[in-house]
$ cat upload25.tsv   # TSV, C-alpha atoms and all ligand atoms
chain	number	residue	atom	x	y	z
I	122	MET	CA	17.67	-20.26	-9.04
I	123	ALA	CA	13.99	-19.55	-9.64
I	124	HIS	CA	12.07	-17.50	-7.08
I	125	ASN	CA	8.89	-19.08	-5.71
I	126	VAL	CA	6.11	-16.50	-5.77
I	127	THR	CA	2.48	-16.95	-4.71
I	128	LEU	CA	0.15	-15.52	-7.34
I	129	ILE	CA	-3.35	-14.50	-6.23
I	130	PRO	CA	-5.38	-13.33	-9.24
I	131	GLY	CA	-8.24	-12.15	-6.98
I	132	ASP	CA	-11.62	-11.31	-8.52
I	133	GLY	CA	-13.35	-8.54	-10.51
I	134	ILE	CA	-10.64	-6.96	-12.69
I	135	GLY	CA	-7.96	-8.77	-10.62
I	136	PRO	CA	-7.32	-11.71	-12.97
I	137	GLU	CA	-6.87	-9.37	-15.98
I	138	VAL	CA	-4.43	-6.94	-14.34
I	139	VAL	CA	-2.52	-9.78	-12.67
I	140	ALA	CA	-2.20	-11.69	-15.99
I	141	ALA	CA	-0.81	-8.53	-17.63
I	142	ALA	CA	1.67	-7.99	-14.77
I	143	ARG	CA	2.74	-11.65	-14.83
I	144	ARG	CA	3.52	-11.43	-18.55
I	145	VAL	CA	5.71	-8.32	-18.21
I	146	ILE	CA	7.52	-9.74	-15.15
I	147	GLU	CA	8.23	-12.95	-17.08
I	148	ALA	CA	9.49	-10.85	-20.01
I	149	THR	CA	12.26	-9.43	-17.77
I	150	GLY	CA	13.81	-12.91	-17.82
I	151	VAL	CA	13.83	-13.31	-14.03
I	152	PRO	CA	13.02	-16.99	-13.36
I	153	ILE	CA	9.89	-17.29	-11.24
I	154	ARG	CA	7.92	-20.37	-10.26
I	155	TRP	CA	4.36	-19.12	-9.76
I	156	ASP	CA	2.29	-20.85	-7.11
I	157	VAL	CA	-1.23	-19.84	-8.15
I	158	VAL	CA	-3.92	-19.83	-5.42
I	159	GLU	CA	-7.52	-18.66	-5.40
I	160	ALA	CA	-8.99	-16.08	-3.03
I	161	GLY	CA	-12.16	-13.97	-3.21
I	162	GLN	CA	-15.16	-14.90	-5.36
I	163	PRO	CA	-13.63	-17.97	-7.08
I	164	ALA	CA	-12.63	-19.35	-3.66
I	165	ILE	CA	-16.15	-18.75	-2.25
I	166	GLU	CA	-17.59	-20.76	-5.16
I	167	LYS	CA	-15.08	-23.60	-4.76
I	168	TYR	CA	-14.34	-23.77	-1.03
I	169	GLY	CA	-17.14	-21.75	0.61
I	170	THR	CA	-14.72	-19.14	1.97
I	171	PRO	CA	-12.96	-16.17	0.33
I	172	LEU	CA	-9.72	-16.89	2.18
I	173	PRO	CA	-8.92	-20.62	2.35
I	174	ASP	CA	-6.06	-21.61	4.68
I	175	SER	CA	-4.13	-22.78	1.62
I	176	VAL	CA	-3.69	-19.11	0.59
I	177	LEU	CA	-2.12	-18.16	3.94
I	178	GLU	CA	0.04	-21.29	3.84
I	179	ALA	CA	1.22	-20.50	0.29
I	180	ILE	CA	2.22	-16.95	1.29
I	181	LYS	CA	4.08	-18.22	4.38
I	182	ARG	CA	5.77	-20.93	2.31
I	183	ASN	CA	6.96	-18.69	-0.52
I	184	LYS	CA	7.32	-15.48	1.56
I	185	VAL	CA	6.41	-13.34	-1.47
I	186	ALA	CA	3.06	-12.87	-3.23
I	187	LEU	CA	1.67	-10.82	-6.09
I	188	LYS	CA	-2.01	-10.21	-5.50
I	189	GLY	CA	-4.93	-8.83	-7.49
I	190	PRO	CA	-7.71	-6.89	-5.79
I	191	ILE	CA	-10.47	-8.79	-4.03
I	192	THR	CA	-14.08	-7.68	-3.60
I	193	THR	CA	-15.37	-7.35	-0.04
I	194	PRO	CA	-18.82	-8.94	-0.32
I	195	ILE	CA	-21.46	-6.79	1.36
I	196	GLY	CA	-24.08	-8.39	3.61
I	197	THR	CA	-22.74	-11.97	3.40
I	198	GLY	CA	-20.95	-12.11	6.73
I	199	PHE	CA	-17.53	-12.51	5.09
I	200	ARG	CA	-14.82	-10.19	6.41
I	201	SER	CA	-12.57	-8.27	4.05
I	202	VAL	CA	-9.96	-10.70	2.73
I	203	ASN	CA	-7.49	-7.85	2.53
I	204	VAL	CA	-7.82	-6.99	6.21
I	205	ALA	CA	-7.82	-10.69	7.19
I	206	LEU	CA	-4.60	-11.28	5.21
I	207	ARG	CA	-2.84	-8.36	6.89
I	208	GLN	CA	-3.96	-9.46	10.36
I	209	SER	CA	-3.37	-13.21	9.99
I	210	LEU	CA	0.13	-12.74	8.58
I	211	ASP	CA	0.97	-9.66	10.71
I	212	LEU	CA	1.89	-7.66	7.59
I	213	TYR	CA	2.69	-4.62	9.68
I	214	ALA	CA	4.17	-2.32	7.05
I	215	CYS	CA	2.10	-0.86	4.23
I	216	VAL	CA	4.42	0.60	1.61
I	217	ARG	CA	3.08	2.99	-1.03
I	218	PRO	CA	5.53	4.64	-3.43
I	219	CYS	CA	4.06	7.77	-5.06
I	220	LYS	CA	6.10	8.93	-8.03
I	221	THR	CA	5.40	11.21	-10.97
I	222	TYR	CA	6.07	9.81	-14.44
I	223	PRO	CA	6.07	11.82	-17.67
I	224	GLY	CA	2.82	11.23	-19.53
I	225	VAL	CA	0.73	10.78	-16.38
I	226	ARG	CA	-1.48	13.79	-15.80
I	227	SER	CA	-0.77	15.41	-12.44
I	228	ARG	CA	-0.32	18.91	-11.03
I	229	PHE	CA	3.25	18.24	-9.93
I	230	GLN	CA	6.56	17.08	-11.33
I	231	ALA	CA	9.48	15.45	-9.54
I	232	VAL	CA	7.44	13.87	-6.76
I	233	ASP	CA	9.05	10.67	-5.47
I	234	ILE	CA	7.66	9.83	-2.05
I	235	VAL	CA	7.43	6.48	-0.28
I	236	ILE	CA	4.77	6.23	2.40
I	237	VAL	CA	5.46	3.64	5.10
I	238	ARG	CA	2.27	3.18	7.10
I	239	GLU	CA	1.96	1.16	10.31
I	240	ASN	CA	-0.74	-1.42	9.62
I	241	THR	CA	-1.74	-2.95	12.96
I	242	GLU	CA	-2.30	-0.33	15.69
I	243	ASP	CA	-3.75	3.12	16.27
I	244	LEU	CA	-7.43	3.99	15.90
I	245	TYR	CA	-7.69	1.20	13.30
I	246	ALA	CA	-6.96	-1.50	15.89
I	247	GLY	CA	-10.70	-2.14	15.96
I	248	ILE	CA	-11.15	-1.52	19.70
I	249	GLU	CA	-14.51	0.23	19.68
I	250	PHE	CA	-17.43	0.56	22.04
I	251	GLU	CA	-20.88	1.44	20.77
I	252	ARG	CA	-22.91	4.30	22.22
I	253	GLY	CA	-25.47	3.21	24.79
I	254	THR	CA	-23.99	-0.25	25.46
I	255	PRO	CA	-23.23	-1.63	28.97
I	256	GLN	CA	-19.52	-1.50	28.06
I	257	VAL	CA	-19.70	2.25	27.49
I	258	GLU	CA	-21.69	2.69	30.70
I	259	ARG	CA	-18.80	1.04	32.59
I	260	LEU	CA	-16.03	2.77	30.63
I	261	ILE	CA	-17.20	6.34	31.14
I	262	PRO	CA	-17.02	6.38	34.95
I	263	ALA	CA	-13.80	4.30	34.87
I	264	ILE	CA	-12.13	6.87	32.62
I	265	ALA	CA	-13.41	9.72	34.78
I	266	GLU	CA	-11.92	8.01	37.82
I	267	LEU	CA	-8.57	7.20	36.16
I	268	GLY	CA	-7.99	10.39	34.21
I	269	GLY	CA	-10.40	12.93	35.63
I	270	LYS	CA	-11.92	13.59	32.20
I	271	ARG	CA	-15.65	13.62	31.59
I	272	ILE	CA	-17.06	11.87	28.51
I	273	ARG	CA	-20.65	12.62	27.47
I	274	PRO	CA	-22.92	9.63	28.29
I	275	ASP	CA	-24.20	9.44	24.70
I	276	SER	CA	-20.69	8.88	23.26
I	277	GLY	CA	-19.25	6.07	21.19
I	278	ILE	CA	-15.62	5.30	22.06
I	279	SER	CA	-12.67	4.17	19.92
I	280	ILE	CA	-9.33	3.38	21.52
I	281	LYS	CA	-6.01	4.47	20.00
I	282	PRO	CA	-3.20	2.11	21.08
I	283	ILE	CA	0.33	2.92	19.91
I	284	SER	CA	3.08	0.74	21.36
I	285	GLU	CA	6.82	1.09	21.62
I	286	THR	CA	7.19	-2.37	20.00
I	287	GLY	CA	4.92	-1.54	17.05
I	288	THR	CA	6.56	1.84	16.54
I	289	ARG	CA	10.12	0.54	16.78
I	290	ARG	CA	9.54	-2.11	14.12
I	291	ILE	CA	7.79	0.21	11.65
I	292	VAL	CA	10.36	2.99	12.04
I	293	ARG	CA	13.22	0.48	11.65
I	294	PHE	CA	11.44	-0.87	8.59
I	295	ALA	CA	11.27	2.67	7.12
I	296	PHE	CA	14.99	3.29	7.73
I	297	ASP	CA	16.00	-0.15	6.40
I	298	TYR	CA	13.86	0.48	3.33
I	299	ALA	CA	15.43	3.93	2.84
I	300	ARG	CA	18.89	2.44	3.12
I	301	ALA	CA	18.18	-0.49	0.78
I	302	GLN	CA	16.65	1.81	-1.85
I	303	GLY	CA	19.39	4.46	-1.66
I	304	ARG	CA	17.12	7.15	-0.22
I	305	ARG	CA	18.24	10.17	1.80
I	306	LYS	CA	15.66	11.05	4.40
I	307	VAL	CA	12.93	9.66	6.64
I	308	THR	CA	10.21	11.96	8.00
I	309	ALA	CA	8.11	10.78	10.98
I	310	ILE	CA	4.59	12.21	10.95
I	311	HIS	CA	2.62	12.69	14.17
I	312	LYS	CA	0.47	14.98	16.30
I	313	ALA	CA	2.62	14.66	19.42
I	314	ASN	CA	1.78	18.16	20.66
I	315	ILE	CA	-1.82	17.03	21.32
I	316	MET	CA	-1.60	13.24	21.84
I	317	LYS	CA	1.43	13.06	24.08
I	318	PHE	CA	1.19	9.41	25.14
I	319	THR	CA	0.45	7.85	21.74
I	320	ASP	CA	1.87	10.12	19.02
I	321	GLY	CA	4.37	11.40	21.60
I	322	LEU	CA	5.60	7.82	22.07
I	323	PHE	CA	5.71	7.37	18.28
I	324	LEU	CA	7.90	10.47	18.01
I	325	ALA	CA	10.20	9.57	20.91
I	326	VAL	CA	10.81	6.06	19.57
I	327	SER	CA	11.31	7.43	16.02
I	328	ARG	CA	14.02	9.77	17.32
I	329	GLU	CA	15.72	6.91	19.14
I	330	VAL	CA	15.66	4.63	16.10
I	331	ALA	CA	16.94	7.45	13.86
I	332	LYS	CA	20.18	7.49	15.88
I	333	GLU	CA	20.87	3.92	14.67
I	334	TYR	CA	20.94	5.21	11.06
I	335	PRO	CA	23.40	8.13	10.93
I	336	ASP	CA	23.67	7.77	7.12
I	337	ILE	CA	19.96	8.70	6.65
I	338	ALA	CA	18.63	12.16	7.50
I	339	PHE	CA	15.69	12.32	9.91
I	340	GLU	CA	13.04	14.92	10.56
I	341	ASP	CA	9.60	14.94	12.13
I	342	MET	CA	6.55	16.96	11.22
I	343	LEU	CA	3.03	17.53	12.53
I	344	VAL	CA	0.43	15.82	10.38
I	345	ASP	CA	-1.53	19.02	9.68
I	346	ALA	CA	1.60	20.94	8.62
I	347	THR	CA	2.54	17.92	6.48
I	348	CYS	CA	-0.72	18.13	4.53
I	349	MET	CA	-0.03	21.75	3.65
I	350	GLN	CA	3.61	21.12	2.72
I	351	LEU	CA	2.61	18.13	0.58
I	352	VAL	CA	0.36	20.19	-1.64
I	353	GLN	CA	2.84	23.08	-1.80
I	354	ARG	CA	6.25	21.39	-2.06
I	355	PRO	CA	5.81	17.62	-2.39
I	356	GLU	CA	9.30	17.32	-3.88
I	357	ASN	CA	10.74	18.02	-0.39
I	358	PHE	CA	9.59	14.63	0.93
I	359	ASP	CA	11.37	11.31	0.58
I	360	VAL	CA	10.39	8.37	2.85
I	361	MET	CA	7.58	9.13	5.32
I	362	VAL	CA	6.71	6.90	8.29
I	363	LEU	CA	3.28	7.25	9.86
I	364	PRO	CA	0.90	5.65	12.35
I	365	ASN	CA	-2.03	3.81	10.76
I	366	LEU	CA	-4.71	6.54	10.47
I	367	TYR	CA	-2.48	9.34	9.14
I	368	GLY	CA	-0.83	6.78	6.85
I	369	ASP	CA	-4.17	5.81	5.34
I	370	ILE	CA	-5.17	9.41	4.65
I	371	LEU	CA	-1.80	10.65	3.42
I	372	SER	CA	-1.23	7.69	1.12
I	373	ASP	CA	-4.41	8.60	-0.77
I	374	LEU	CA	-3.40	12.27	-0.77
I	375	CYS	CA	-0.01	11.34	-2.26
I	376	ALA	CA	-1.58	8.96	-4.82
I	377	GLY	CA	-3.66	11.97	-5.90
I	378	LEU	CA	-0.53	14.11	-6.24
I	379	VAL	CA	0.94	11.73	-8.80
I	380	GLY	CA	-2.00	10.77	-10.99
I	381	GLY	CA	-4.35	8.50	-9.06
I	382	LEU	CA	-5.37	4.88	-8.75
I	383	GLY	CA	-4.45	3.55	-12.19
I	384	VAL	CA	-0.74	4.01	-11.47
I	385	ALA	CA	-0.52	3.50	-7.67
I	386	PRO	CA	1.36	0.36	-6.55
I	387	GLY	CA	1.61	-0.99	-3.01
I	388	ALA	CA	2.86	-3.70	-0.71
I	389	ASN	CA	2.03	-5.10	2.72
I	390	ILE	CA	5.09	-6.54	4.39
I	391	GLY	CA	5.84	-8.43	7.62
I	392	GLU	CA	8.20	-11.09	8.95
I	393	SER	CA	6.08	-13.93	7.52
I	394	GLY	CA	5.74	-12.55	4.01
I	395	ALA	CA	5.39	-9.66	1.60
I	396	VAL	CA	2.25	-9.17	-0.49
I	397	PHE	CA	2.50	-6.84	-3.49
I	398	GLU	CA	-0.73	-5.41	-4.90
I	399	PRO	CA	-2.19	-2.36	-6.61
I	400	VAL	CA	-3.85	0.24	-4.40
I	401	HIS	CA	-7.09	0.13	-6.39
I	402	GLY	CA	-9.94	-2.30	-5.77
I	403	SER	CA	-11.66	-4.90	-7.93
I	404	ALA	CA	-13.79	-2.39	-9.93
I	405	PRO	CA	-16.44	-5.14	-10.49
I	406	ARG	CA	-18.32	-3.29	-13.24
I	407	TYR	CA	-15.31	-3.57	-15.56
I	408	THR	CA	-14.80	-7.33	-15.03
I	409	GLY	CA	-13.81	-9.26	-18.14
I	410	GLN	CA	-13.79	-6.25	-20.47
I	411	ASN	CA	-10.01	-6.01	-21.09
I	412	LYS	CA	-10.41	-2.32	-20.36
I	413	VAL	CA	-8.76	-1.26	-17.09
I	414	ASN	CA	-5.24	-0.06	-16.46
I	415	PRO	CA	-2.77	-2.80	-15.43
I	416	ILE	CA	0.06	-0.35	-14.66
I	417	ALA	CA	-0.53	-0.17	-10.87
I	418	THR	CA	-0.19	-3.97	-10.73
I	419	MET	CA	2.85	-3.91	-13.03
I	420	LEU	CA	4.52	-1.30	-10.80
I	421	SER	CA	3.69	-3.53	-7.80
I	422	GLY	CA	5.62	-6.18	-9.73
I	423	VAL	CA	8.56	-3.74	-9.97
I	424	LEU	CA	8.48	-3.38	-6.16
I	425	MET	CA	8.36	-7.17	-5.87
I	426	LEU	CA	11.41	-7.59	-8.11
I	427	ARG	CA	13.31	-5.10	-5.93
I	428	HIS	CA	12.22	-7.03	-2.82
I	429	LEU	CA	13.63	-10.17	-4.50
I	430	LYS	CA	16.88	-8.21	-5.05
I	431	GLU	CA	16.41	-8.38	-8.84
I	432	MET	CA	17.43	-4.73	-9.11
I	433	ALA	CA	18.44	-4.64	-12.80
I	434	ALA	CA	15.24	-6.39	-13.92
I	435	ALA	CA	13.18	-4.05	-11.73
I	436	ASP	CA	14.85	-0.99	-13.27
I	437	HIS	CA	14.33	-2.33	-16.82
I	438	LEU	CA	10.69	-3.04	-16.18
I	439	GLU	CA	10.08	0.35	-14.55
I	440	ASN	CA	11.81	2.10	-17.47
I	441	ALA	CA	9.75	0.13	-20.01
I	442	ILE	CA	6.48	1.00	-18.21
I	443	ALA	CA	7.60	4.66	-17.94
I	444	ALA	CA	8.38	4.73	-21.70
I	445	VAL	CA	4.90	3.39	-22.57
I	446	MET	CA	3.28	6.03	-20.32
I	447	ALA	CA	5.47	8.83	-21.70
I	448	GLU	CA	4.53	7.89	-25.30
I	449	GLY	CA	0.86	7.87	-24.29
I	450	LYS	CA	-0.16	5.73	-27.26
I	451	SER	CA	-0.67	2.22	-25.88
I	452	VAL	CA	-2.42	3.26	-22.67
I	453	THR	CA	-5.90	2.58	-21.29
I	454	TYR	CA	-8.80	5.04	-21.35
I	455	ASP	CA	-8.05	6.50	-17.91
I	456	MET	CA	-4.65	7.79	-19.08
I	457	LYS	CA	-5.95	9.47	-22.24
I	458	PRO	CA	-6.85	13.19	-22.15
I	459	HIS	CA	-10.54	12.19	-22.61
I	460	ARG	CA	-12.00	9.02	-21.15
I	461	ASP	CA	-13.91	8.20	-24.38
I	462	ASP	CA	-10.76	8.52	-26.54
I	463	PRO	CA	-11.13	5.86	-29.27
I	464	THR	CA	-7.34	5.31	-29.40
I	465	ALA	CA	-7.29	3.87	-25.86
I	466	VAL	CA	-6.06	0.27	-25.81
I	467	GLY	CA	-7.05	-2.66	-23.60
I	468	THR	CA	-5.38	-4.19	-20.54
I	469	SER	CA	-3.48	-6.90	-22.40
I	470	GLN	CA	-2.34	-4.48	-25.15
I	471	VAL	CA	-0.60	-2.37	-22.48
I	472	ALA	CA	1.31	-5.53	-21.52
I	473	ASP	CA	2.23	-6.10	-25.21
I	474	ALA	CA	3.57	-2.52	-25.42
I	475	VAL	CA	5.64	-2.88	-22.23
I	476	ILE	CA	7.08	-6.18	-23.47
I	477	CYS	CA	8.04	-4.46	-26.80
I	478	LYS	CA	9.87	-1.74	-24.82
I	479	LEU	CA	11.68	-4.36	-22.72
I	480	GLU	CA	12.82	-6.07	-25.92
I	481	GLU	CA	14.00	-2.73	-27.41
I	482	VAL	CA	16.13	-2.10	-24.30
I	483	ARG	CA	17.65	-5.58	-24.61
I	484	SER	CA	18.45	-5.45	-28.36
L	1	LIG	P1	-12.13	0.47	-6.99
L	1	LIG	O1	-10.72	0.90	-6.87
L	1	LIG	O2	-12.35	-0.98	-7.29
L	1	LIG	O3	-12.84	1.27	-8.15
L	1	LIG	C1	-13.18	2.64	-8.10
L	1	LIG	C2	-13.13	3.20	-9.52
L	1	LIG	O4	-11.77	3.47	-9.83
L	1	LIG	C3	-13.59	2.24	-10.61
L	1	LIG	O5	-14.96	2.30	-10.83
L	1	LIG	C4	-12.80	2.72	-11.79
L	1	LIG	O6	-13.46	3.82	-12.37
L	1	LIG	C5	-11.51	3.19	-11.18
L	1	LIG	N1	-10.45	2.17	-11.26
L	1	LIG	C6	-10.03	1.32	-10.30
L	1	LIG	N2	-9.03	0.56	-10.74
L	1	LIG	C7	-8.78	0.96	-12.02
L	1	LIG	C8	-7.86	0.54	-13.02
L	1	LIG	N3	-6.96	-0.43	-12.80
L	1	LIG	N4	-7.90	1.15	-14.22
L	1	LIG	C9	-8.79	2.13	-14.46
L	1	LIG	N5	-9.68	2.57	-13.57
L	1	LIG	C10	-9.68	1.98	-12.35
L	1	LIG	O7	-12.87	0.89	-5.63
L	1	LIG	P2	-14.28	0.49	-5.06
L	1	LIG	O8	-15.31	0.55	-6.16
L	1	LIG	O9	-14.46	1.30	-3.86
L	1	LIG	O10	-14.14	-1.02	-4.58
L	1	LIG	C11	-14.57	-2.16	-5.33
L	1	LIG	C12	-14.28	-3.41	-4.51
L	1	LIG	O11	-12.87	-3.56	-4.34
L	1	LIG	C13	-14.86	-3.35	-3.08
L	1	LIG	O12	-15.43	-4.62	-2.79
L	1	LIG	C14	-13.68	-3.08	-2.21
L	1	LIG	O13	-13.83	-3.62	-0.92
L	1	LIG	C15	-12.58	-3.80	-2.97
L	1	LIG	N6	-11.22	-3.28	-2.69
L	1	LIG	C16	-10.23	-4.19	-2.64
L	1	LIG	C17	-8.93	-3.77	-2.43
L	1	LIG	C18	-7.85	-4.81	-2.37
L	1	LIG	O14	-8.07	-5.94	-2.78
L	1	LIG	N7	-6.68	-4.48	-1.88
L	1	LIG	C19	-8.63	-2.41	-2.31
L	1	LIG	C20	-9.68	-1.48	-2.40
L	1	LIG	C21	-10.97	-1.93	-2.60
$ encode --input "upload25.tsv" --output "structure tokens"
Amino acid sequence: MAHNVTLIPGDGIGPEVVAAARRVIEATGVPIRWDVVEAGQPAIEKYGTPLPDSVLEAIKRNKVALKGPITTPIGTGFRSVNVALRQSLDLYACVRPCKTYPGVRSRFQAVDIVIVRENTEDLYAGIEFERGTPQVERLIPAIAELGGKRIRPDSGISIKPISETGTRRIVRFAFDYARAQGRRKVTAIHKANIMKFTDGLFLAVSREVAKEYPDIAFEDMLVDATCMQLVQRPENFDVMVLPNLYGDILSDLCAGLVGGLGVAPGANIGESGAVFEPVHGSAPRYTGQNKVNPIATMLSGVLMLRHLKEMAAADHLENAIAAVMAEGKSVTYDMKPHRDDPTAVGTSQVADAVICKLEEVRS
């Protein structure tokens, strides 16, 4: 039976990288009925909003989406579509695999880390109070009264909520993911020695949840020590689960370990749906040039196929993409030793090369 998948081309370079990814996914032979919906600039032009309700409904209906990047318009009053999508659909888990492939320039080999970042709480919950406002004037004495701590009167204040509920579901998600993907270990990252009631809660709940998964190893590590270990021995890490802020920072650090934005796939997942998308943005200045690297979106497609339990097709596609990168011939400018290399190919030619490799594997 065909899978129903919502396809959101996005804007900027989105439509080009999504078209390339769609072609290689179709070439795996997995039957997919694409439900194409517009978000971002094309939706503003047509419907006056970058995120029409029909997009949210399509994701809820089909449960799975492949999405291109979407520009956050500056100074227009529109919120980021990406943040709005995550919040409206409660996509609480941000999954970022960071893996080295031969042919991709990086300082390390044998890195294969999956970052599982909590997407809804922590200092990114958006609970902020601006310096000098009446709210801050009331908060400062209230905090002094409740906790005995003095805050300077000219402070801005951001609140860091971390709940047992939010932690339990993200840590369970990380263990379920590890189990489903045949991984060995989950590491919980925190700063529980300093923030006892937020990171301390995250750690305590992580330890409790770990007991439900005796087949998967568990360890915890302080976030500062983790940063050092990651740049010294990244091969020691497997699945990492982190609160929102550390997850944001460490997922970029890990993307850097394995070759950067052009090859970094991602997903945002919750009970109401799973949205697969590259980590990079809409790179507006390259729009329509058939120039940028579609591999991050293709690898997001590999994650999507695994989510759909199409394991063999996902493996074939990942191997075909890896073979094209290892050969280094049919790759975009950013993967060549010099960015002005005249042998660099365009976005759609990378898709042609991946499809050739898929056919070679089949014949
Ligand atoms: P960006 O990732 O779009 O681009 C930064 C630079 O990275 C580009 O100039 C380009 O040199 C390089 N790059 C990015 N993708 C590439 C690719 N596929 N191949 C080769 N090189 C690539 O980041 P930005 O300029 O900060 O953001 C542009 C817009 O994208 C902003 O409006 C931002 O809000 C939005 N954005 C959207 C998402 C999303 O939709 N999930 C994520 C990040 C940024």
$ atom_distance --input "upload25.tsv" --atom1 "atom CA of I:Gly321" --atom2 "atom CA of I:Ile283"
9.5 Å
$ closest_residue --input "upload25.tsv" --among "I:Leu424, I:Ala148, I:Ile442, I:Ala160" --to "I:Ile129" --atoms "all atoms listed in the file"
I:Ala160
$ residues_near_ligand --input "upload25.tsv" --ligand "ligand LIG 1 (chain L)" --cutoff "10 Å" --atoms "all atoms listed in the file" --output "PDB file with C-alpha atoms, keeping the file's coordinate frame"
ATOM      1  CA  GLY I 131      -8.240 -12.150  -6.980  1.00  0.00           C
ATOM      2  CA  ASP I 132     -11.620 -11.310  -8.520  1.00  0.00           C
ATOM      3  CA  GLY I 133     -13.350  -8.540 -10.510  1.00  0.00           C
ATOM      4  CA  ILE I 134     -10.640  -6.960 -12.690  1.00  0.00           C
ATOM      5  CA  GLY I 135      -7.960  -8.770 -10.620  1.00  0.00           C
ATOM      6  CA  GLU I 137      -6.870  -9.370 -15.980  1.00  0.00           C
ATOM      7  CA  VAL I 138      -4.430  -6.940 -14.340  1.00  0.00           C
ATOM      8  CA  GLY I 161     -12.160 -13.970  -3.210  1.00  0.00           C
ATOM      9  CA  LYS I 188      -2.010 -10.210  -5.500  1.00  0.00           C
ATOM     10  CA  GLY I 189      -4.930  -8.830  -7.490  1.00  0.00           C
ATOM     11  CA  PRO I 190      -7.710  -6.890  -5.790  1.00  0.00           C
ATOM     12  CA  ILE I 191     -10.470  -8.790  -4.030  1.00  0.00           C
ATOM     13  CA  THR I 192     -14.080  -7.680  -3.600  1.00  0.00           C
ATOM     14  CA  THR I 193     -15.370  -7.350  -0.040  1.00  0.00           C
ATOM     15  CA  PRO I 194     -18.820  -8.940  -0.320  1.00  0.00           C
ATOM     16  CA  ILE I 195     -21.460  -6.790   1.360  1.00  0.00           C
ATOM     17  CA  ARG I 200     -14.820 -10.190   6.410  1.00  0.00           C
ATOM     18  CA  SER I 201     -12.570  -8.270   4.050  1.00  0.00           C
ATOM     19  CA  VAL I 202      -9.960 -10.700   2.730  1.00  0.00           C
ATOM     20  CA  ASN I 203      -7.490  -7.850   2.530  1.00  0.00           C
ATOM     21  CA  VAL I 204      -7.820  -6.990   6.210  1.00  0.00           C
ATOM     22  CA  GLY I 381      -4.350   8.500  -9.060  1.00  0.00           C
ATOM     23  CA  LEU I 382      -5.370   4.880  -8.750  1.00  0.00           C
ATOM     24  CA  GLY I 383      -4.450   3.550 -12.190  1.00  0.00           C
ATOM     25  CA  VAL I 384      -0.740   4.010 -11.470  1.00  0.00           C
ATOM     26  CA  ALA I 385      -0.520   3.500  -7.670  1.00  0.00           C
ATOM     27  CA  GLY I 387       1.610  -0.990  -3.010  1.00  0.00           C
ATOM     28  CA  ALA I 388       2.860  -3.700  -0.710  1.00  0.00           C
ATOM     29  CA  ASN I 389       2.030  -5.100   2.720  1.00  0.00           C
ATOM     30  CA  PHE I 397       2.500  -6.840  -3.490  1.00  0.00           C
ATOM     31  CA  GLU I 398      -0.730  -5.410  -4.900  1.00  0.00           C
ATOM     32  CA  PRO I 399      -2.190  -2.360  -6.610  1.00  0.00           C
ATOM     33  CA  VAL I 400      -3.850   0.240  -4.400  1.00  0.00           C
ATOM     34  CA  HIS I 401      -7.090   0.130  -6.390  1.00  0.00           C
ATOM     35  CA  GLY I 402      -9.940  -2.300  -5.770  1.00  0.00           C
ATOM     36  CA  SER I 403     -11.660  -4.900  -7.930  1.00  0.00           C
ATOM     37  CA  ALA I 404     -13.790  -2.390  -9.930  1.00  0.00           C
ATOM     38  CA  PRO I 405     -16.440  -5.140 -10.490  1.00  0.00           C
ATOM     39  CA  ARG I 406     -18.320  -3.290 -13.240  1.00  0.00           C
ATOM     40  CA  TYR I 407     -15.310  -3.570 -15.560  1.00  0.00           C
ATOM     41  CA  LYS I 412     -10.410  -2.320 -20.360  1.00  0.00           C
ATOM     42  CA  VAL I 413      -8.760  -1.260 -17.090  1.00  0.00           C
ATOM     43  CA  ASN I 414      -5.240  -0.060 -16.460  1.00  0.00           C
ATOM     44  CA  PRO I 415      -2.770  -2.800 -15.430  1.00  0.00           C
ATOM     45  CA  ILE I 416       0.060  -0.350 -14.660  1.00  0.00           C
ATOM     46  CA  ALA I 417      -0.530  -0.170 -10.870  1.00  0.00           C
ATOM     47  CA  THR I 418      -0.190  -3.970 -10.730  1.00  0.00           C
ATOM     48  CA  THR I 453      -5.900   2.580 -21.290  1.00  0.00           C
ATOM     49  CA  TYR I 454      -8.800   5.040 -21.350  1.00  0.00           C
ATOM     50  CA  ASP I 455      -8.050   6.500 -17.910  1.00  0.00           C
ATOM     51  CA  MET I 456      -4.650   7.790 -19.080  1.00  0.00           C
ATOM     52  CA  THR I 468      -5.380  -4.190 -20.540  1.00  0.00           C
TER      53      THR I 468
END
$ atom_distance --input "upload25.tsv" --atom1 "atom CA of I:Gly409" --atom2 "atom CA of I:Gly449"
23.4 Å
$ atom_distance --input "upload25.tsv" --atom1 "atom CA of I:Glu258" --atom2 "atom CA of I:Lys270"
14.7 Å
$ residues_around --input "upload25.tsv" --residues "I:Val379" --least-positions-apart "2" --cutoff "12 Å" --atoms "only C-alpha atoms" --output "ChimeraX atom specification"
/I:217-235,351-352,355-356,372-377,381-386
$ closest_residue --input "upload25.tsv" --among "I:Val145, I:Ile291, I:Glu431, I:Ala140" --to "I:Asp473" --atoms "only C-alpha atoms"
I:Val145
$ residues_around --input "upload25.tsv" --residues "I:Arg238" --least-positions-apart "2" --cutoff "7 Å" --atoms "all atoms listed in the file" --output "list in words"
Ala214, Cys215, Val216, Ile236, Asn240, Val362, Leu363, Pro364, Asn365 and Gly368 of chain I
$ residues_around --input "upload25.tsv" --residues "I:Asp341" --least-positions-apart "2" --cutoff "8 Å" --atoms "all atoms listed in the file" --output "compact mmCIF listing (two decimals) with C-alpha atoms, keeping the file's coordinate frame"
# COMPACT_ATOMS: atom_id res chain seq x y z
CA THR I 308 10.21 11.96 8.00
CA ALA I 309 8.11 10.78 10.98
CA ILE I 310 4.59 12.21 10.95
CA HIS I 311 2.62 12.69 14.17
CA LEU I 324 7.90 10.47 18.01
CA PHE I 339 15.69 12.32 9.91
CA LEU I 343 3.03 17.53 12.53
